[in-house]
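Here is run-v3.pdb, consisting of PDB, C-alpha atoms:
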ATOM      1  CA  MET M 275     -35.719  65.410-231.146
ATOM      2  CA  PRO M 276     -33.008  63.567-233.124
ATOM      3  CA  GLU M 277     -32.928  59.851-232.384
ATOM      4  CA  LEU M 278     -30.339  57.141-232.969
ATOM      5  CA  PRO M 279     -30.166  57.267-236.805
ATOM      6  CA  GLU M 280     -29.914  61.053-236.959
ATOM      7  CA  VAL M 281     -27.201  61.195-234.282
ATOM      8  CA  GLU M 282     -25.307  58.280-235.843
ATOM      9  CA  VAL M 283     -25.295  60.097-239.195
ATOM     10  CA  VAL M 284     -23.707  63.095-237.445
ATOM     11  CA  ARG M 285     -21.186  60.829-235.698
ATOM     12  CA  ARG M 286     -20.076  59.373-239.013
ATOM     13  CA  GLY M 287     -19.629  62.866-240.407
ATOM     14  CA  LEU M 288     -17.543  63.918-237.425
ATOM     15  CA  GLU M 289     -15.408  60.796-237.761
ATOM     16  CA  ARG M 290     -14.723  61.679-241.391
ATOM     17  CA  TRP M 291     -14.232  65.430-241.168
ATOM     18  CA  VAL M 292     -13.060  66.181-237.620
ATOM     19  CA  ALA M 293     -11.369  63.166-236.005
ATOM     20  CA  GLY M 294      -7.582  63.485-235.923
ATOM     21  CA  ARG M 295      -7.575  67.288-236.145
ATOM     22  CA  THR M 296      -6.148  69.676-233.545
ATOM     23  CA  ILE M 297      -8.187  72.594-232.240
ATOM     24  CA  ARG M 298      -6.560  75.997-232.705
ATOM     25  CA  GLN M 299      -9.347  78.244-231.444
ATOM     26  CA  VAL M 300     -12.739  77.934-229.781
ATOM     27  CA  GLU M 301     -15.423  80.607-229.732
ATOM     28  CA  VAL M 302     -18.540  80.422-227.546
ATOM     29  CA  HIS M 303     -21.260  82.674-228.941
ATOM     30  CA  HIS M 304     -24.028  81.812-226.471
ATOM     31  CA  PRO M 305     -23.587  80.763-222.817
ATOM     32  CA  ARG M 306     -26.420  78.188-222.980
ATOM     33  CA  ALA M 307     -24.398  76.191-225.491
ATOM     34  CA  VAL M 308     -21.931  75.273-222.711
ATOM     35  CA  ARG M 309     -24.225  75.400-219.687
ATOM     36  CA  ARG M 310     -23.460  71.711-219.012
ATOM     37  CA  HIS M 311     -19.793  72.671-218.630
ATOM     38  CA  LEU M 312     -20.109  73.779-215.026
ATOM     39  CA  GLU M 313     -16.747  75.579-214.888
ATOM     40  CA  GLY M 314     -17.946  78.134-217.455
ATOM     41  CA  ALA M 315     -17.209  79.206-221.011
ATOM     42  CA  ASP M 316     -13.624  80.378-220.426
ATOM     43  CA  HIS M 317     -12.678  77.044-218.880
ATOM     44  CA  PHE M 318     -14.394  75.235-221.763
ATOM     45  CA  VAL M 319     -12.305  77.156-224.286
ATOM     46  CA  ALA M 320      -9.056  76.558-222.382
ATOM     47  CA  ALA M 321      -9.783  72.842-221.983
ATOM     48  CA  LEU M 322     -10.084  72.378-225.755
ATOM     49  CA  THR M 323      -7.502  74.734-227.225
ATOM     50  CA  GLY M 324      -4.458  72.842-228.491
ATOM     51  CA  ARG M 325      -6.018  69.416-228.048
ATOM     52  CA  THR M 326      -6.760  66.855-230.733
ATOM     53  CA  LEU M 327     -10.159  65.262-231.307
ATOM     54  CA  THR M 328      -9.088  61.648-231.739
ATOM     55  CA  ALA M 329     -12.348  59.923-232.717
ATOM     56  CA  ALA M 330     -16.141  60.265-232.688
ATOM     57  CA  HIS M 331     -18.339  57.964-230.598
ATOM     58  CA  ARG M 332     -22.040  57.732-229.785
ATOM     59  CA  ARG M 333     -24.069  56.287-226.914
ATOM     60  CA  GLY M 334     -27.816  56.600-227.407
ATOM     61  CA  LYS M 335     -28.419  60.191-228.480
ATOM     62  CA  TYR M 336     -25.125  61.538-227.092
ATOM     63  CA  LEU M 337     -21.863  62.091-228.959
ATOM     64  CA  TRP M 338     -18.397  62.219-227.449
ATOM     65  CA  LEU M 339     -14.996  62.924-228.955
ATOM     66  CA  PRO M 340     -11.963  61.868-226.840
ATOM     67  CA  LEU M 341      -9.211  64.480-226.523
ATOM     68  CA  ALA M 342      -5.460  64.011-226.825
ATOM     69  CA  GLU M 343      -2.710  66.232-225.425
ATOM     70  CA  PRO M 344      -0.318  68.050-227.806
ATOM     71  CA  ASP M 345       2.154  65.166-227.433
ATOM     72  CA  GLY M 346      -0.528  62.692-228.529
ATOM     73  CA  ALA M 347      -1.141  61.168-225.103
ATOM     74  CA  PRO M 348      -4.790  60.629-224.076
ATOM     75  CA  SER M 349      -5.979  63.513-221.908
ATOM     76  CA  GLY M 350      -8.591  61.524-219.995
ATOM     77  CA  GLN M 351     -11.235  63.952-221.189
ATOM     78  CA  ALA M 352     -13.723  64.201-224.048
ATOM     79  CA  LEU M 353     -15.894  66.759-225.760
ATOM     80  CA  VAL M 354     -19.476  65.621-225.090
ATOM     81  CA  ALA M 355     -22.376  66.849-227.229
ATOM     82  CA  HIS M 356     -26.136  66.497-227.076
ATOM     83  CA  LEU M 357     -28.129  67.978-229.960
ATOM     84  CA  GLY M 358     -31.325  68.535-227.985
ATOM     85  CA  MET M 359     -34.277  69.403-230.223
ATOM     86  CA  SER M 360     -32.572  71.537-232.836
ATOM     87  CA  GLY M 361     -28.812  71.296-232.398
ATOM     88  CA  GLN M 362     -26.576  70.845-235.433
ATOM     89  CA  LEU M 363     -22.865  70.112-235.709
ATOM     90  CA  LEU M 364     -21.866  71.450-239.115
ATOM     91  CA  VAL M 365     -18.549  71.290-240.957
ATOM     92  CA  GLU M 366     -18.186  74.504-242.955
ATOM     93  CA  LYS M 367     -15.562  76.310-245.017
ATOM     94  CA  PRO M 368     -14.128  79.195-242.952
ATOM     95  CA  ASP M 369     -15.378  81.783-245.445
ATOM     96  CA  GLU M 370     -18.997  80.574-245.284
ATOM     97  CA  PRO M 371     -21.315  83.137-243.624
ATOM     98  CA  ASP M 372     -22.191  82.489-239.990
ATOM     99  CA  GLU M 373     -25.499  80.773-239.363
ATOM    100  CA  VAL M 374     -28.154  82.869-237.604
ATOM    101  CA  HIS M 375     -28.156  80.553-234.601
ATOM    102  CA  LEU M 376     -24.411  79.881-234.389
ATOM    103  CA  ARG M 377     -23.588  79.031-230.744
ATOM    104  CA  ALA M 378     -19.966  77.819-230.865
ATOM    105  CA  ARG M 379     -17.152  77.568-233.399
ATOM    106  CA  PHE M 380     -14.058  75.356-233.526
ATOM    107  CA  ARG M 381     -11.133  76.293-235.781
ATOM    108  CA  PHE M 382      -8.329  73.815-236.466
ATOM    109  CA  THR M 383      -4.575  74.130-236.878
ATOM    110  CA  ASP M 384      -4.684  72.787-240.440
ATOM    111  CA  GLY M 385      -6.727  75.808-241.570
ATOM    112  CA  GLY M 386      -9.370  73.624-243.206
ATOM    113  CA  ARG M 387     -13.084  73.375-242.612
ATOM    114  CA  GLU M 388     -14.272  74.485-239.192
ATOM    115  CA  LEU M 389     -16.814  72.843-236.905
ATOM    116  CA  ARG M 390     -19.856  74.886-235.907
ATOM    117  CA  PHE M 391     -22.490  74.183-233.279
ATOM    118  CA  VAL M 392     -25.786  75.711-234.383
ATOM    119  CA  ASP M 393     -28.877  75.490-232.178
ATOM    120  CA  GLN M 394     -32.042  77.475-232.789
ATOM    121  CA  ARG M 395     -33.845  76.481-229.581
ATOM    122  CA  THR M 396     -30.701  76.216-227.390
ATOM    123  CA  PHE M 397     -31.784  72.922-225.772
ATOM    124  CA  GLY M 398     -28.609  71.163-226.925
ATOM    125  CA  GLY M 399     -25.226  71.599-225.317
ATOM    126  CA  LEU M 400     -21.487  70.944-225.221
ATOM    127  CA  ALA M 401     -19.159  70.132-222.331
ATOM    128  CA  VAL M 402     -15.683  68.801-221.647
ATOM    129  CA  GLU M 403     -15.917  65.878-219.264
ATOM    130  CA  GLU M 404     -13.700  63.235-217.712
ATOM    131  CA  ALA M 405     -13.560  60.122-219.878
ATOM    132  CA  PRO M 406     -11.242  57.115-219.691
ATOM    133  CA  ALA M 407      -9.438  56.371-222.936
ATOM    134  CA  ASP M 408     -11.368  53.146-223.476
ATOM    135  CA  GLY M 409     -14.657  54.008-221.779
ATOM    136  CA  LEU M 410     -17.664  56.264-221.484
ATOM    137  CA  PRO M 411     -17.878  59.714-219.920
ATOM    138  CA  ALA M 412     -19.633  59.360-216.561
ATOM    139  CA  ARG M 413     -22.680  61.305-217.796
ATOM    140  CA  LEU M 414     -23.407  58.576-220.345
ATOM    141  CA  ALA M 415     -22.796  55.523-218.182
ATOM    142  CA  HIS M 416     -26.497  55.034-217.367
ATOM    143  CA  ILE M 417     -27.531  54.870-221.035
ATOM    144  CA  ALA M 418     -28.061  51.348-222.309
ATOM    145  CA  THR M 419     -26.409  50.071-225.461
ATOM    146  CA  ASP M 420     -28.574  50.402-228.531
ATOM    147  CA  PRO M 421     -29.929  47.475-230.563
ATOM    148  CA  LEU M 422     -27.529  48.099-233.464
ATOM    149  CA  ASP M 423     -24.496  47.841-231.171
ATOM    150  CA  PRO M 424     -22.614  44.515-231.501
ATOM    151  CA  GLY M 425     -22.545  44.362-227.691
ATOM    152  CA  PHE M 426     -26.321  44.560-227.310
ATOM    153  CA  ASP M 427     -27.466  41.662-225.112
ATOM    154  CA  VAL M 428     -30.736  40.355-226.574
ATOM    155  CA  ASP M 429     -31.475  37.936-223.737
ATOM    156  CA  ALA M 430     -30.827  40.541-221.043
ATOM    157  CA  PHE M 431     -33.016  43.076-222.823
ATOM    158  CA  SER M 432     -35.843  40.591-223.290
ATOM    159  CA  ALA M 433     -35.777  39.540-219.645
ATOM    160  CA  ALA M 434     -35.595  43.136-218.395
ATOM    161  CA  LEU M 435     -38.448  44.217-220.641
ATOM    162  CA  ARG M 436     -40.755  41.446-219.472
ATOM    163  CA  ARG M 437     -39.928  42.199-215.802
ATOM    164  CA  ARG M 438     -41.128  45.768-216.148
ATOM    165  CA  HIS M 439     -44.640  46.678-215.047
ATOM    166  CA  THR M 440     -45.227  49.413-217.599
ATOM    167  CA  ASP M 441     -46.511  50.021-221.116
ATOM    168  CA  VAL M 442     -44.306  48.803-223.940
ATOM    169  CA  LYS M 443     -43.898  52.234-225.543
ATOM    170  CA  ARG M 444     -42.754  53.764-222.259
ATOM    171  CA  ALA M 445     -40.232  50.958-221.988
ATOM    172  CA  LEU M 446     -38.886  51.617-225.491
ATOM    173  CA  LEU M 447     -38.316  55.270-224.570
ATOM    174  CA  ASP M 448     -36.454  54.347-221.379
ATOM    175  CA  GLN M 449     -32.803  55.024-222.223
ATOM    176  CA  THR M 450     -31.628  52.882-219.301
ATOM    177  CA  LEU M 451     -33.258  49.867-220.962
ATOM    178  CA  ILE M 452     -32.512  50.429-224.640
ATOM    179  CA  GLY M 453     -30.534  53.335-226.048
ATOM    180  CA  GLY M 454     -31.362  55.667-228.904
ATOM    181  CA  VAL M 455     -35.068  54.990-229.475
ATOM    182  CA  GLY M 456     -37.384  57.992-229.389
ATOM    183  CA  ASN M 457     -40.999  58.727-230.242
ATOM    184  CA  ILE M 458     -40.733  58.299-234.013
ATOM    185  CA  TYR M 459     -38.975  54.954-234.064
ATOM    186  CA  ALA M 460     -40.953  53.582-231.129
ATOM    187  CA  ASP M 461     -44.175  54.078-233.084
ATOM    188  CA  GLU M 462     -42.692  52.621-236.258
ATOM    189  CA  SER M 463     -41.277  49.593-234.430
ATOM    190  CA  LEU M 464     -44.539  48.885-232.621
ATOM    191  CA  TRP M 465     -46.407  48.990-235.928
ATOM    192  CA  ARG M 466     -44.023  46.468-237.423
ATOM    193  CA  ALA M 467     -44.476  44.183-234.411
ATOM    194  CA  ARG M 468     -48.301  44.679-234.487
ATOM    195  CA  LEU M 469     -48.305  45.891-230.875
ATOM    196  CA  HIS M 470     -50.151  48.822-229.366
ATOM    197  CA  GLY M 471     -47.940  51.067-227.263
ATOM    198  CA  ALA M 472     -50.160  50.536-224.212
ATOM    199  CA  ARG M 473     -49.567  46.772-224.180
ATOM    200  CA  PRO M 474     -48.191  45.785-220.716
ATOM    201  CA  THR M 475     -44.591  44.636-220.915
ATOM    202  CA  ASP M 476     -45.099  41.872-218.351
ATOM    203  CA  LYS M 477     -47.778  40.347-220.602
ATOM    204  CA  LEU M 478     -45.590  40.137-223.700
ATOM    205  CA  THR M 479     -44.709  36.691-224.980
ATOM    206  CA  ARG M 480     -41.169  35.794-225.972
ATOM    207  CA  ALA M 481     -42.297  35.790-229.606
ATOM    208  CA  GLN M 482     -43.729  39.292-229.274
ATOM    209  CA  VAL M 483     -40.510  40.590-227.710
ATOM    210  CA  SER M 484     -38.548  38.985-230.538
ATOM    211  CA  ASP M 485     -40.813  40.584-233.146
ATOM    212  CA  LEU M 486     -40.522  43.953-231.410
ATOM    213  CA  LEU M 487     -36.745  43.843-231.283
ATOM    214  CA  GLU M 488     -36.620  42.804-234.928
ATOM    215  CA  GLY M 489     -38.873  45.758-235.753
ATOM    216  CA  VAL M 490     -36.674  48.164-233.807
ATOM    217  CA  ARG M 491     -33.525  46.961-235.529
ATOM    218  CA  ASP M 492     -35.090  47.002-238.969
ATOM    219  CA  VAL M 493     -36.539  50.482-238.712
ATOM    220  CA  LEU M 494     -33.361  51.964-237.229
ATOM    221  CA  GLY M 495     -31.218  50.303-239.872
ATOM    222  CA  GLU M 496     -33.440  51.434-242.719
ATOM    223  CA  SER M 497     -33.579  54.988-241.419
ATOM    224  CA  LEU M 498     -29.819  55.067-241.018
ATOM    225  CA  ALA M 499     -29.422  53.957-244.632
ATOM    226  CA  GLN M 500     -31.654  56.889-245.667
ATOM    227  CA  GLY M 501     -29.696  59.426-243.615
ATOM    228  CA  GLY M 502     -32.298  59.591-240.835
ATOM    229  CA  THR M 503     -35.660  61.328-240.646
ATOM    230  CA  SER M 504     -35.762  65.021-241.545
ATOM    231  CA  PHE M 505     -39.061  66.829-241.133
ATOM    232  CA  ASP M 506     -37.500  70.266-241.568
ATOM    233  CA  SER M 507     -34.148  71.985-242.024
ATOM    234  CA  LEU M 508     -33.152  71.399-238.375
ATOM    235  CA  TYR M 509     -32.343  67.698-238.864
ATOM    236  CA  VAL M 510     -29.269  67.486-241.086
ATOM    237  CA  ASP M 511     -25.866  65.846-241.243
ATOM    238  CA  VAL M 512     -22.560  67.700-240.788
ATOM    239  CA  ASN M 513     -22.726  68.903-244.396
ATOM    240  CA  GLY M 514     -26.262  70.247-244.016
ATOM    241  CA  GLN M 515     -27.920  67.418-245.954
ATOM    242  CA  SER M 516     -31.349  66.107-244.936
ATOM    243  CA  GLY M 517     -32.309  62.464-244.425
ATOM    244  CA  TYR M 518     -35.125  60.887-246.397
ATOM    245  CA  PHE M 519     -36.662  58.247-244.131
ATOM    246  CA  SER M 520     -39.679  60.503-243.541
ATOM    247  CA  ARG M 521     -40.872  59.309-246.960
ATOM    248  CA  HIS M 522     -41.042  55.742-245.651
ATOM    249  CA  LEU M 523     -42.830  56.262-242.317
ATOM    250  CA  ALA M 524     -45.732  53.851-241.951
ATOM    251  CA  VAL M 525     -47.606  55.454-239.033
ATOM    252  CA  TYR M 526     -45.728  58.326-237.385
ATOM    253  CA  GLY M 527     -47.333  61.606-238.485
ATOM    254  CA  GLN M 528     -49.671  59.761-240.836
ATOM    255  CA  VAL M 529     -52.990  60.395-239.031
ATOM    256  CA  ASP M 530     -56.049  59.515-241.161
ATOM    257  CA  ARG M 531     -53.894  58.132-243.952
ATOM    258  CA  PRO M 532     -54.341  54.442-244.840
ATOM    259  CA  CYS M 533     -52.222  51.883-243.032
ATOM    260  CA  PRO M 534     -49.688  50.503-245.541
ATOM    261  CA  ARG M 535     -50.539  46.983-244.403
ATOM    262  CA  CYS M 536     -54.346  46.895-244.148
ATOM    263  CA  GLY M 537     -55.664  50.253-245.358
ATOM    264  CA  THR M 538     -57.299  51.294-242.065
ATOM    265  CA  PRO M 539     -56.892  55.030-241.323
ATOM    266  CA  ILE M 540     -54.026  55.672-238.902
ATOM    267  CA  ARG M 541     -55.068  57.061-235.506
ATOM    268  CA  ARG M 542     -53.372  59.622-233.304
ATOM    269  CA  GLU M 543     -53.491  59.379-229.495
ATOM    270  CA  SER M 544     -52.018  61.575-226.774
ATOM    271  CA  PHE M 545     -48.985  60.137-225.017
ATOM    272  CA  MET M 546     -46.815  61.857-222.386
ATOM    273  CA  ASN M 547     -47.531  65.344-223.803
ATOM    274  CA  ARG M 548     -46.676  64.033-227.247
ATOM    275  CA  SER M 549     -48.459  61.987-229.887
ATOM    276  CA  SER M 550     -48.598  58.288-230.652
ATOM    277  CA  TYR M 551     -49.605  56.929-234.031
ATOM    278  CA  SER M 552     -50.844  53.418-234.702
ATOM    279  CA  CYS M 553     -53.218  51.335-236.799
ATOM    280  CA  PRO M 554     -56.503  50.439-235.036
ATOM    281  CA  GLN M 555     -56.747  47.207-237.006
ATOM    282  CA  CYS M 556     -53.151  45.971-236.846
ATOM    283  CA  GLN M 557     -52.497  47.294-233.336
ATOM    284  CA  PRO M 558     -55.654  46.919-231.254
ATOM    285  CA  ARG M 559     -55.626  48.678-227.914
ATOM    286  CA  PRO M 560     -55.285  46.145-225.066
ATOM    287  CA  ARG M 561     -58.078  45.643-222.599
ATOM    288  CA  PRO M 562     -57.655  47.620-219.365
ATOM    289  CA  ARG M 563     -56.073  45.756-216.476
ATOM    290  CA  PRO M 564     -58.693  44.598-213.977
ATOM    291  CA  ALA M 565     -58.980  46.754-210.861
ATOM    292  CA  ARG M 566     -57.415  45.289-207.734
TER     293      ARG M 566
END
Is it possible to express this structure as C-alpha cells?
Amino acid sequence: MPELPEVEVVRRGLERWVAGRTIRQVEVHHPRAVRRHLEGADHFVAALTGRTLTAAHRRGKYLWLPLAEPDGAPSGQALVAHLGMSGQLLVEKPDEPDEVHLRARFRFTDGGRELRFVDQRTFGGLAVEEAPADGLPARLAHIATDPLDPGFDVDAFSAALRRRHTDVKRALLDQTLIGGVGNIYADESLWRARLHGARPTDKLTRAQVSDLLEGVRDVLGESLAQGGTSFDSLYVDVNGQSGYFSRHLAVYGQVDRPCPRCGTPIRRESFMNRSSYSCPQCQPRPRPRPAR
C-alpha cells in the first residue's frame, strides 16, 4: 500500500497539474470507486461539476482537494481520495487511450489534460465530503500529523509512544499516533534505530525514541527525494513515473541478503498477516516479558 512518500509525490503532482482548474465533466466508470460517497455516483458527479479544485493537501495516506463555487467562494466541501493498494491519480492528455482499470475521469473547462482515477484492485476510493476552508474533512480528523509536518509535536509523540503498552512496530503503524508510516518505512526506520519491531514501547529510553524518530524522518525524506518506493507499475506519480527508493532499501524485502551495516543475512518474520524484515545482529529480538 502506498505510504507517506508515495502519496506526497501524488499530492505535489496534483498541486502542479490540477489545482486551480474547474471541473467540466465527471465520469464514474465503476461504482466501487465512489462507494465512500454514500449518496451515490450521480450525487458525486453533481457535487463536482462546475466546481474548482483549489489546492491539494495530504494527511497521512489521504489526499483532499478543497472545492470552490463558480463565483470563487469556498464551498465547504472537498474531494477526498485514498489510493488503497493500487489506486493511481493520473494526469493524461485527453486523446490518450483509456487505462484498462480506469474507474473515474475528470475533464476540465480549459480543455487541457484530464485527471483519471485508475485502480486495478478497487480498494481505493473517492468521495465529496464536508470540509472547512481551513481545516480537515471529518474523515481525516483522527489521523495524526506526520513527522515531516512542521506542526509535528516531538515531545507529545515521544510521551504518547512511551505510554503505550504495545510493540514499537505496531505503534509506528498506528495512524492515530503518527501519520503516514506503513510496513515498508516502519521496517526501514527500526533498522536505522537498531530496534526490533517487538521491542515494548514502554521500555524505550528517551534516546531510543529520539533515534527512532530521526530514523523515520530520514527514511521518509530520502524516499520522497527519490519519488517514493515503486515495486511495480502500480506505484507511480501523476505522470506515470516510478519512484526509485526501492534501490536503497536496507532490510524491507531483502531476506537472506547481507545487512548493509554488519553483513548478517536479513531475516523475515510474520507480522499481522504481513512480513517484517530486520537484521538479527543489529536488531536483536527482545526477551519475552515475564509472565504475571
Quiz item: Which residue, M:Arg381, M:Arg285, M:Arg468, M:His311, has the smallest gap to Leu357 (chain M) when you use all atoms listed in the file?
Solution: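 Going through M:Arg381, M:Arg285, M:Arg468, M:His311 one by one, the smallest distance to Leu357 (chain M) is for M:Arg285.
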Practice problem: Write out as a list in words each polymer residue whose atoms come within 12 Å of Lys367 (chain M), counting all atoms listed in the file; drop sequence neighbours fewer than 2 positions from it. | Solution: Trp291, Leu364, Val365, Asp369, Glu370, Pro371, Asp372, Arg379, Phe380, Arg381, Phe382, Gly385, Gly386, Arg387, Glu388, Leu389, Arg390, Val512 and Asn513 of chain M
Quiz item: Nearest to Asp423 (chain M): which of M:Val402, M:Val483, M:Ile452, M:Ala445 is it, counting all atoms listed in the file?
Solution: M:Ile452
Quiz item: Which of these residues is nearest to Leu451 (chain M), using all atoms listed in the file: M:Leu376, M:Met546, M:Gly334, M:Leu486?
Solution: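 Counting all atoms listed in the file, the residue closest to Leu451 (chain M) is M:Gly334.
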Give me, as a CSV table (one decimal) with C-alpha atoms, keeping the file's coordinate frame, all polymer residues having an atom no more than 8 Å from Ala342 (chain M), counting all atoms listed in the file and skipping those fewer than 3 positions away in the same chain.
chain,number,residue,atom,x,y,z
M,325,ARG,CA,-6.0,69.4,-228.0
M,326,THR,CA,-6.8,66.9,-230.7
M,327,LEU,CA,-10.2,65.3,-231.3
M,328,THR,CA,-9.1,61.6,-231.7
M,345,ASP,CA,2.2,65.2,-227.4
M,346,GLY,CA,-0.5,62.7,-228.5
M,347,ALA,CA,-1.1,61.2,-225.1
M,348,PRO,CA,-4.8,60.6,-224.1
M,349,SER,CA,-6.0,63.5,-221.9
M,350,GLY,CA,-8.6,61.5,-220.0
Translate the PyMOL selection byres ((chain M and resi 404) around 6) into a concrete residue list for this structure, as a PDB file with C-alpha atoms, in the coordinates of the input.
ATOM      1  CA  GLY M 350      -8.591  61.524-219.995  1.00  0.00           C
ATOM      2  CA  GLN M 351     -11.235  63.952-221.189  1.00  0.00           C
ATOM      3  CA  GLU M 403     -15.917  65.878-219.264  1.00  0.00           C
ATOM      4  CA  ALA M 405     -13.560  60.122-219.878  1.00  0.00           C
ATOM      5  CA  PRO M 411     -17.878  59.714-219.920  1.00  0.00           C
TER       6      PRO M 411
END
Self-check item: Coordinates-based distance that separates CA of Lys477 (chain M) from CA of Asp441 (chain M) (Å, one decimal)
Solution: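 Taking CA of Asp441 (chain M) as the start and CA of Lys477 (chain M) as the end point, the length is 9.8 Å.
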Practice problem: Write out as a count of residues only which residues come within 7 Å of region 472-474 of chain M when counting all atoms listed in the file, dropping same-chain ones fewer than 5 positions away. | Solution: 7
Exercise. Figure out the distance between CA of Arg466 (chain M) and CA of Leu422 (chain M), please, to one decimal in Å.
Key: 17.0 Å
I need region 395-402 of chain M written out with all heavy atoms, as a PDB file, in the first residue's frame; please produce it.
ATOM      1  N   ARG M 395      -7.266  -3.011  -8.214  1.00  0.00           N
ATOM      2  CA  ARG M 395      -7.862  -3.875  -7.189  1.00  0.00           C
ATOM      3  C   ARG M 395      -9.114  -3.261  -6.544  1.00  0.00           C
ATOM      4  O   ARG M 395      -9.748  -3.883  -5.706  1.00  0.00           O
ATOM      5  CB  ARG M 395      -6.820  -4.186  -6.119  1.00  0.00           C
ATOM      6  CG  ARG M 395      -5.616  -4.922  -6.702  1.00  0.00           C
ATOM      7  CD  ARG M 395      -4.505  -5.088  -5.691  1.00  0.00           C
ATOM      8  NE  ARG M 395      -3.328  -5.696  -6.298  1.00  0.00           N
ATOM      9  CZ  ARG M 395      -2.146  -5.822  -5.700  1.00  0.00           C
ATOM     10  NH1 ARG M 395      -1.991  -5.377  -4.459  1.00  0.00           N
ATOM     11  NH2 ARG M 395      -1.124  -6.376  -6.309  1.00  0.00           N
ATOM     12  N   THR M 396      -9.426  -2.045  -6.905  1.00  0.00           N
ATOM     13  CA  THR M 396     -10.620  -1.307  -6.446  1.00  0.00           C
ATOM     14  C   THR M 396     -10.725  -1.225  -4.929  1.00  0.00           C
ATOM     15  O   THR M 396     -11.812  -1.261  -4.365  1.00  0.00           O
ATOM     16  CB  THR M 396     -11.922  -1.902  -7.035  1.00  0.00           C
ATOM     17  OG1 THR M 396     -12.106  -3.241  -6.574  1.00  0.00           O
ATOM     18  CG2 THR M 396     -11.898  -1.881  -8.551  1.00  0.00           C
ATOM     19  N   PHE M 397      -9.584  -1.116  -4.225  1.00  0.00           N
ATOM     20  CA  PHE M 397      -9.606  -0.885  -2.781  1.00  0.00           C
ATOM     21  C   PHE M 397      -9.535   0.602  -2.452  1.00  0.00           C
ATOM     22  O   PHE M 397      -9.809   1.000  -1.324  1.00  0.00           O
ATOM     23  CB  PHE M 397      -8.443  -1.616  -2.097  1.00  0.00           C
ATOM     24  CG  PHE M 397      -8.566  -3.112  -2.104  1.00  0.00           C
ATOM     25  CD1 PHE M 397      -7.442  -3.908  -2.146  1.00  0.00           C
ATOM     26  CD2 PHE M 397      -9.800  -3.723  -2.072  1.00  0.00           C
ATOM     27  CE1 PHE M 397      -7.541  -5.297  -2.154  1.00  0.00           C
ATOM     28  CE2 PHE M 397      -9.925  -5.108  -2.078  1.00  0.00           C
ATOM     29  CZ  PHE M 397      -8.792  -5.895  -2.119  1.00  0.00           C
ATOM     30  N   GLY M 398      -9.135   1.425  -3.427  1.00  0.00           N
ATOM     31  CA  GLY M 398      -9.105   2.865  -3.218  1.00  0.00           C
ATOM     32  C   GLY M 398     -10.492   3.455  -3.399  1.00  0.00           C
ATOM     33  O   GLY M 398     -11.464   2.744  -3.671  1.00  0.00           O
ATOM     34  N   GLY M 399     -10.590   4.770  -3.256  1.00  0.00           N
ATOM     35  CA  GLY M 399     -11.906   5.382  -3.414  1.00  0.00           C
ATOM     36  C   GLY M 399     -11.881   6.888  -3.369  1.00  0.00           C
ATOM     37  O   GLY M 399     -10.923   7.510  -2.892  1.00  0.00           O
ATOM     38  N   LEU M 400     -12.961   7.486  -3.892  1.00  0.00           N
ATOM     39  CA  LEU M 400     -13.151   8.929  -3.952  1.00  0.00           C
ATOM     40  C   LEU M 400     -14.477   9.282  -3.295  1.00  0.00           C
ATOM     41  O   LEU M 400     -15.429   8.495  -3.321  1.00  0.00           O
ATOM     42  CB  LEU M 400     -13.176   9.409  -5.409  1.00  0.00           C
ATOM     43  CG  LEU M 400     -12.020   8.992  -6.319  1.00  0.00           C
ATOM     44  CD1 LEU M 400     -12.336   9.361  -7.768  1.00  0.00           C
ATOM     45  CD2 LEU M 400     -10.731   9.666  -5.866  1.00  0.00           C
ATOM     46  N   ALA M 401     -14.548  10.479  -2.722  1.00  0.00           N
ATOM     47  CA  ALA M 401     -15.799  10.958  -2.135  1.00  0.00           C
ATOM     48  C   ALA M 401     -15.746  12.476  -2.036  1.00  0.00           C
ATOM     49  O   ALA M 401     -14.662  13.065  -1.951  1.00  0.00           O
ATOM     50  CB  ALA M 401     -16.028  10.354  -0.753  1.00  0.00           C
ATOM     51  N   VAL M 402     -16.890  13.097  -2.053  1.00  0.00           N
ATOM     52  CA  VAL M 402     -17.007  14.523  -1.740  1.00  0.00           C
ATOM     53  C   VAL M 402     -17.512  14.619  -0.312  1.00  0.00           C
ATOM     54  O   VAL M 402     -18.546  14.038   0.027  1.00  0.00           O
ATOM     55  CB  VAL M 402     -17.960  15.238  -2.708  1.00  0.00           C
ATOM     56  CG1 VAL M 402     -18.146  16.692  -2.297  1.00  0.00           C
ATOM     57  CG2 VAL M 402     -17.448  15.145  -4.141  1.00  0.00           C
TER      58      VAL M 402
END
